[in-house]
Every structure is written in structure tokens, then in C-alpha cells.
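The file upload19.cif comes next; it holds mmCIF, C-alpha atoms.
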```
data_model
#
loop_
_atom_site.label_atom_id
_atom_site.label_comp_id
_atom_site.auth_asym_id
_atom_site.auth_seq_id
_atom_site.Cartn_x
_atom_site.Cartn_y
_atom_site.Cartn_z
CA ASN S 1 -30.35 -1.45 -13.32
CA THR S 2 -28.49 0.65 -10.77
CA PRO S 3 -26.80 -1.16 -7.87
CA ASP S 4 -28.27 -0.32 -4.48
CA MET S 5 -25.39 -1.93 -2.60
CA ILE S 6 -23.40 1.31 -2.56
CA ARG S 7 -24.64 3.20 0.49
CA GLU S 8 -23.88 6.80 1.32
CA SER S 9 -22.07 7.02 4.63
CA ASP S 10 -22.48 9.74 7.22
CA GLU S 11 -18.78 10.58 7.04
CA SER S 12 -17.52 13.50 5.00
CA ALA S 13 -16.13 12.70 1.56
CA TYR S 14 -12.40 12.03 1.42
CA GLY S 15 -10.62 15.08 0.08
CA GLY S 16 -13.55 17.40 0.79
CA PRO S 17 -16.79 18.12 -1.06
CA ARG S 18 -16.90 16.96 -4.67
CA ASN S 19 -16.81 19.75 -7.22
CA PRO S 20 -18.30 22.46 -4.91
CA HIS S 21 -18.15 25.11 -7.65
CA ASN S 22 -19.90 22.89 -10.22
CA LEU S 23 -17.02 23.07 -12.69
CA ILE S 24 -17.31 21.01 -15.87
CA PHE S 25 -14.36 18.74 -16.60
CA VAL S 26 -13.55 15.17 -17.62
CA PHE S 27 -12.03 12.57 -15.28
CA ASP S 28 -11.53 9.85 -17.88
CA ALA S 29 -12.46 8.88 -21.45
CA SER S 30 -12.16 5.61 -23.37
CA TYR S 31 -13.31 4.39 -26.78
CA SER S 32 -14.32 0.80 -27.51
CA ILE S 33 -13.44 -0.33 -31.03
CA GLU S 34 -15.72 -3.36 -30.70
CA ASN S 35 -18.97 -1.48 -30.04
CA GLY S 36 -18.06 1.95 -31.44
CA LEU S 37 -18.97 3.74 -28.21
CA LEU S 38 -17.09 6.44 -26.32
CA GLY S 39 -17.39 6.55 -22.55
CA VAL S 40 -16.66 9.71 -20.56
CA ALA S 41 -16.48 10.05 -16.77
CA LEU S 42 -17.54 13.60 -15.89
CA SER S 43 -17.18 15.95 -12.96
CA ASP S 44 -20.90 15.61 -12.14
CA GLY S 45 -20.10 12.08 -10.94
CA SER S 46 -21.68 10.31 -13.91
CA LEU S 47 -20.46 8.16 -16.79
CA ARG S 48 -21.86 9.11 -20.20
CA VAL S 49 -21.67 6.73 -23.16
CA VAL S 50 -21.76 8.47 -26.54
CA ASN S 51 -22.25 6.92 -29.98
CA GLY S 52 -20.47 7.82 -33.22
CA ARG S 53 -22.96 10.60 -33.94
CA GLY S 54 -22.20 12.36 -30.68
CA ILE S 55 -25.47 11.34 -29.02
CA CYS S 56 -25.46 10.24 -25.38
CA VAL S 57 -27.06 6.80 -25.49
CA LEU S 58 -26.40 5.81 -21.90
CA PRO S 59 -25.91 7.78 -18.67
CA ILE S 60 -24.75 5.80 -15.62
CA THR S 61 -25.07 7.35 -12.16
CA LEU S 62 -25.04 5.99 -8.62
CA PRO S 63 -27.19 7.07 -5.67
CA GLY S 64 -25.60 9.28 -3.03
CA THR S 65 -23.36 12.31 -3.24
CA LYS S 66 -20.22 10.37 -2.24
CA SER S 67 -20.57 7.62 -4.85
CA HIS S 68 -19.44 9.49 -7.94
CA LEU S 69 -17.63 7.61 -10.70
CA THR S 70 -13.98 8.52 -11.15
CA SER S 71 -12.79 6.25 -13.98
CA PHE S 72 -13.79 3.21 -16.05
CA ALA S 73 -12.59 0.64 -18.57
CA TRP S 74 -14.04 -1.43 -21.44
CA ASP S 75 -13.19 -5.08 -21.86
CA SER S 76 -11.85 -6.40 -25.19
CA THR S 77 -15.33 -7.39 -26.42
CA GLY S 78 -17.07 -4.07 -25.68
CA LYS S 79 -19.74 -6.00 -23.76
CA GLN S 80 -18.44 -5.37 -20.26
CA LEU S 81 -17.62 -2.20 -18.37
CA ALA S 82 -15.78 -1.66 -15.09
CA THR S 83 -16.50 1.59 -13.25
CA CYS S 84 -14.44 2.98 -10.37
CA VAL S 85 -16.22 4.64 -7.47
CA ALA S 86 -14.93 7.31 -5.10
CA SER S 87 -16.10 5.13 -2.21
CA GLY S 88 -13.42 2.53 -3.05
CA ALA S 89 -15.72 0.06 -4.83
CA LEU S 90 -15.41 -1.37 -8.34
CA ILE S 91 -18.63 -2.09 -10.25
CA LEU S 92 -18.88 -4.44 -13.22
CA TRP S 93 -21.59 -3.88 -15.83
CA SER S 94 -22.85 -6.02 -18.69
CA ILE S 95 -23.57 -3.84 -21.73
CA ASP S 96 -26.21 -4.94 -24.22
CA THR S 97 -26.24 -3.13 -27.58
CA ASP S 98 -29.32 -3.69 -29.71
CA GLY S 99 -29.42 -1.34 -32.65
CA TYR S 100 -29.49 2.21 -31.29
CA GLU S 101 -30.33 1.10 -27.75
CA VAL S 102 -27.63 0.52 -25.14
CA THR S 103 -28.74 -1.17 -21.93
CA PRO S 104 -26.54 -1.63 -18.83
CA SER S 105 -27.03 -4.35 -16.24
CA CYS S 106 -25.15 -4.35 -12.96
CA GLN S 107 -23.18 -7.61 -12.83
CA ALA S 108 -21.15 -7.28 -9.63
CA VAL S 109 -20.08 -4.87 -6.89
CA LEU S 110 -16.50 -5.55 -5.79
CA GLU S 111 -15.54 -4.20 -2.36
CA GLY S 112 -13.08 -5.04 0.37
CA GLY S 113 -9.93 -4.84 -1.73
CA HIS S 114 -9.41 -1.11 -1.28
CA GLU S 115 -9.66 1.09 1.75
CA SER S 116 -13.26 2.18 2.21
CA GLY S 117 -13.91 5.83 1.46
CA ARG S 118 -10.69 6.29 -0.55
CA PRO S 119 -11.24 6.88 -4.30
CA LEU S 120 -10.16 4.49 -7.03
CA TYR S 121 -8.21 6.06 -9.88
CA GLY S 122 -8.60 3.36 -12.51
CA ALA S 123 -9.21 -0.20 -13.66
CA LEU S 124 -8.05 -2.38 -16.54
CA PHE S 125 -9.19 -5.73 -17.88
CA CYS S 126 -6.45 -8.35 -18.16
CA GLY S 127 -7.46 -11.06 -20.60
CA ASN S 128 -11.02 -12.40 -20.55
CA ASP S 129 -11.30 -13.31 -16.88
CA LEU S 130 -9.41 -10.75 -14.79
CA VAL S 131 -9.61 -7.06 -13.97
CA VAL S 132 -7.23 -4.94 -11.87
CA SER S 133 -8.05 -1.79 -9.92
CA TRP S 134 -5.88 0.84 -8.22
CA GLY S 135 -6.29 3.97 -6.15
CA VAL S 136 -5.04 6.51 -3.65
CA ASP S 137 -4.64 3.81 -0.97
CA GLY S 138 -1.61 2.43 -2.84
CA ARG S 139 -3.24 -0.93 -3.54
CA LEU S 140 -3.38 -2.83 -6.81
CA CYS S 141 -6.12 -5.45 -6.59
CA LEU S 142 -6.84 -8.40 -8.88
CA TRP S 143 -10.47 -9.47 -9.37
CA ASP S 144 -12.43 -12.10 -11.27
CA SER S 145 -14.15 -10.15 -14.06
CA GLN S 146 -16.80 -12.88 -14.39
CA SER S 147 -17.96 -12.39 -10.80
CA SER S 148 -21.59 -11.68 -9.99
CA GLY S 149 -23.34 -10.20 -6.99
CA ASN S 150 -21.46 -8.70 -4.02
CA LEU S 151 -17.80 -9.58 -3.43
CA ILE S 152 -15.98 -8.59 -0.26
CA ALA S 153 -12.40 -9.51 -1.24
CA PRO S 154 -10.24 -9.64 -4.38
CA ILE S 155 -8.45 -12.70 -5.73
CA SER S 156 -5.20 -11.07 -4.68
CA THR S 157 -3.74 -7.75 -3.60
CA LEU S 158 -0.75 -7.46 -5.92
CA VAL S 159 0.59 -4.22 -4.43
CA SER S 160 -0.11 -2.58 -1.08
CA ASN S 161 1.88 0.51 -0.11
CA PRO S 162 0.03 3.41 1.55
CA ASP S 163 3.08 5.65 0.97
CA TYR S 164 2.85 5.11 -2.81
CA PRO S 165 -0.61 6.12 -4.10
CA LEU S 166 -1.20 4.72 -7.58
CA TYR S 167 -2.27 7.22 -10.23
CA ALA S 168 -1.81 5.19 -13.41
CA VAL S 169 -1.31 1.55 -14.35
CA ASP S 170 -0.67 -0.19 -17.66
CA ILE S 171 -0.46 -3.88 -18.51
CA PHE S 172 1.63 -5.56 -21.19
CA GLN S 173 0.27 -9.03 -21.90
CA CYS S 174 2.64 -11.52 -23.52
CA ASP S 175 1.43 -13.90 -26.22
CA PRO S 176 1.62 -17.34 -24.53
CA THR S 177 2.26 -19.01 -27.90
CA THR S 178 5.61 -17.25 -28.46
CA LYS S 179 8.89 -18.91 -27.54
CA LYS S 180 9.97 -15.83 -25.61
CA ALA S 181 6.90 -15.93 -23.39
CA ARG S 182 7.27 -19.66 -22.70
CA ALA S 183 10.95 -19.31 -21.87
CA LYS S 184 10.37 -16.69 -19.21
CA VAL S 185 6.98 -18.04 -18.07
CA VAL S 186 5.65 -14.48 -18.10
CA THR S 187 2.05 -13.68 -18.99
CA ALA S 188 1.91 -9.99 -18.05
CA THR S 189 4.05 -7.10 -16.88
CA ILE S 190 2.35 -4.36 -14.87
CA ALA S 191 3.74 -0.82 -14.77
CA CYS S 192 2.54 1.34 -11.88
CA GLY S 193 2.96 5.12 -11.74
CA GLY S 194 2.48 6.99 -8.50
CA GLY S 195 4.08 8.36 -5.37
CA LYS S 196 3.67 11.44 -3.20
CA ASP S 197 6.67 13.47 -4.31
CA GLY S 198 5.79 14.19 -7.94
CA GLY S 199 2.05 14.78 -7.74
CA PHE S 200 0.51 13.97 -11.11
CA MET S 201 3.68 14.91 -13.04
CA GLY S 202 7.06 13.22 -12.98
CA VAL S 203 6.00 10.34 -10.74
CA LEU S 204 7.99 7.14 -10.44
CA ILE S 205 7.34 3.95 -12.37
CA LYS S 206 7.46 0.51 -10.79
CA LEU S 207 7.33 -2.77 -12.71
CA HIS S 208 5.65 -5.87 -11.29
#
```

Just give me the structure as C-alpha cells.
Amino acid sequence: NTPDMIRESDESAYGGPRNPHNLIFVFDASYSIENGLLGVALSDGSLRVVNGRGICVLPITLPGTKSHLTSFAWDSTGKQLATCVASGALILWSIDTDGYEVTPSCQAVLEGGHESGRPLYGALFCGNDLVVSWGVDGRLCLWDSQSSGNLIAPISTLVSNPDYPLYAVDIFQCDPTTKKARAKVVTATIACGGGKDGGFMGVLIKLH
């Protein structure tokens, strides 16, 4: 069930043609302990899901040459997947595992939070109901991970700084039952790595 809401624009792809020399490399990889599956985002623009025997049980691709997948994330249950698109959209998938068969179903297409045509670099689930996304536009957007259909705006834009592109983000979630968490009324701390000066090495960290 591939979403048809992502349309290929007539504009040239941001940053130039994707992989013009057809090089083989990996954008991102993540293993889900809950379902035992390894997902890999590849330079051909696809996401491949591999089982424990090394067999690709699920390829996910999007129509159009400018809609390649750049990164992705599993939720804590292994039943939901968030994929980042070079067009600036975030797509949520429901993953059904029945024996050796793995079936994806497009749950939602989240747009409007990030600048259109600028690639997303990653996403992370935060708890059972939220997912954050970030990209080259310097925005960190918060979405409802239980959304369905087409969304045109996030719950909130937590960070917006075009001079500080975000390359990596991590979330530390506090246990709300601990005394320390209650005292500070803190549920999560978000660390953002990015900036223009250091490229992909030696970039600054900001805490939110």
C-alpha cells in the first residue's frame, strides 16, 4: 500500500541529482528487538527490511525520482515505522507480521512541518503517541504518531533555525514515576547535533 500523496515536482532535486553514479551505500540502519527485523535505507532510494536469516522480506519504495527515503525509525512495539523522505515529508506505516510475511500499510503522510523539497535526516518515536522529525531546514517538528491520512501541520515546531541544519537528534525520556522526574517536571530532554561549520564531524550539540 504505497502512498500516492507524494507527487514528483517539476523542480530539480535539492542538492542535485540523487546518486548519479549509481553508487551502493547505506543512509541508515535500525534493528527492532520486538519484531526481530533489520531495516536499511539504501542509496537507491528504498527501504529494505531484512529478517534474521538475511532475507529481504519487505522493500518499501515511493513513486518519483525525488521521493527517495533518507532515514527511518521503529517504534517501541515494532509495529510502526516512520520513514523520512527527501521531499520533506514524513510517512507513518503500520507493519503487520504474520509468520514469514511482513505487510506494510501506509497510515499517514505528514507534511507542512518542514520546508518542501528539503530532505529530512531522521525521525524518532517519543513514547507511544509522539514522533519527532528533523532535517536540513533546521526544524525539529513534533507529530502525533497515531495520525491517519494527510496532515499539513505538526503539533509543534520545537526548533526552527535555518542557520543550524540538524543532522542528528537523540531523546532521553525520564521515568515519570521517579521522584527526580516529578521534582523537575521533565519528561524528555532532546539533544540536537548540527550546524554549518563542522559538516558531519565535530558539530555542536544543543539541549532542549

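Nearest to Gly36 of chain S of all the residues S:Thr61, S:Thr189, S:Thr97, S:Thr103 is S:Thr97, based on all atoms listed in the file.
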
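Between atom CA of Leu140 of chain S and atom CA of Arg48 of chain S lies a distance of 25.8 Å.
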
* Name the residues that the PyMOL selection byres ((chain S and resi 164) around 7) picks from the file above, as a ChimeraX atom specification, using the file's chain letters and numbers. => /S:138,161-163,165-166,194-196

Can you write just those residues out, C-alpha atoms, as a PDB file, keeping the file's coordinate frame?
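Here's the written file result_9.pdb:
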```pdb
ATOM      1  CA  GLY S 138      -1.610   2.430  -2.840  1.00  0.00           C
ATOM      2  CA  ASN S 161       1.880   0.510  -0.110  1.00  0.00           C
ATOM      3  CA  PRO S 162       0.030   3.410   1.550  1.00  0.00           C
ATOM      4  CA  ASP S 163       3.080   5.650   0.970  1.00  0.00           C
ATOM      5  CA  PRO S 165      -0.610   6.120  -4.100  1.00  0.00           C
ATOM      6  CA  LEU S 166      -1.200   4.720  -7.580  1.00  0.00           C
ATOM      7  CA  GLY S 194       2.480   6.990  -8.500  1.00  0.00           C
ATOM      8  CA  GLY S 195       4.080   8.360  -5.370  1.00  0.00           C
ATOM      9  CA  LYS S 196       3.670  11.440  -3.200  1.00  0.00           C
TER      10      LYS S 196
END
```

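Distances from S:Val132, S:Ala73, S:Ile152, S:Leu42 to Phe27 of chain S were compared using only C-alpha atoms, and the smallest one belongs to S:Leu42.
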
Need the axis-aligned box for segment 156-165 of chain S with 8 Å each side, so what are the centre and edges in Å to one decimal, as JSON?
```
{"center_x": -1.1, "center_y": -2.5, "center_z": -2.2, "size_x": 24.3, "size_y": 33.2, "size_z": 23.5}
```

* To do: Please evaluate the PyMOL selection byres ((chain S and resi 99) around 12) against the structure above and give the resulting residues as a list in words.
  => Asn35, Gly36, Asn51, Val57, Asp96, Thr97, Asp98, Tyr100, Glu101, Val102 and Thr103 of chain S

* To do: Mind checking which residues fall within 12 Å of Tyr31 of chain S, counting only C-alpha atoms, ignoring those fewer than 3 positions away in the same chain, and posting them as an NGL selection string?
  => :S and (28 or 34-41 or 48-52 or 72-78 or 81)

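As for atom CA of Ile60 of chain S and atom CA of Leu47 of chain S, they are spaced 5.0 Å apart.
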
Neighbour list for Leu158 of chain S as a tab-separated table (two decimals) with C-alpha atoms, in the coordinates of the input, cut-off 8 Å, all atoms listed in the file, skip fewer than 4 positions in-chain:
```tsv
chain	number	residue	atom	x	y	z
S	139	ARG	CA	-3.24	-0.93	-3.54
S	140	LEU	CA	-3.38	-2.83	-6.81
S	141	CYS	CA	-6.12	-5.45	-6.59
S	142	LEU	CA	-6.84	-8.40	-8.88
```

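Atom pair atom CA of Leu92 of chain S / atom CA of Gln107 of chain S has a distance of 5.4 Å (rounded to one decimal).
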
* To do: Return as a count of residues only the set of residues that the PyMOL selection byres ((chain S and resi 94) around 6) yields on the displayed structure.
  => 6

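Nearest residue to Ile171 of chain S, choosing from S:Gly127, S:Pro154, S:Gly149, S:Gly117 and counting only C-alpha atoms: S:Gly127.
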
* Tell me which of S:Ala89, S:Ala82, S:Leu62, S:Ile155 sits closest to Ser30 of chain S, counting only C-alpha atoms. => S:Ala82

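Closest to Phe125 of chain S among S:Leu69, S:Ala188, S:Val159, S:Ala86 is S:Ala188, based on only C-alpha atoms.
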
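Using only C-alpha atoms, the smallest distance between any of S:Leu110, S:Leu58, S:Ala29, S:Ile190 and Leu151 of chain S comes from S:Leu110.
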
* Asked: Near Ala168 of chain S, within 8 Å and counting only C-alpha atoms, which residues show up once chain neighbours fewer than 3 positions away are dropped, as number ranges by chain?
  -> S: 121-122, 134, 192-194
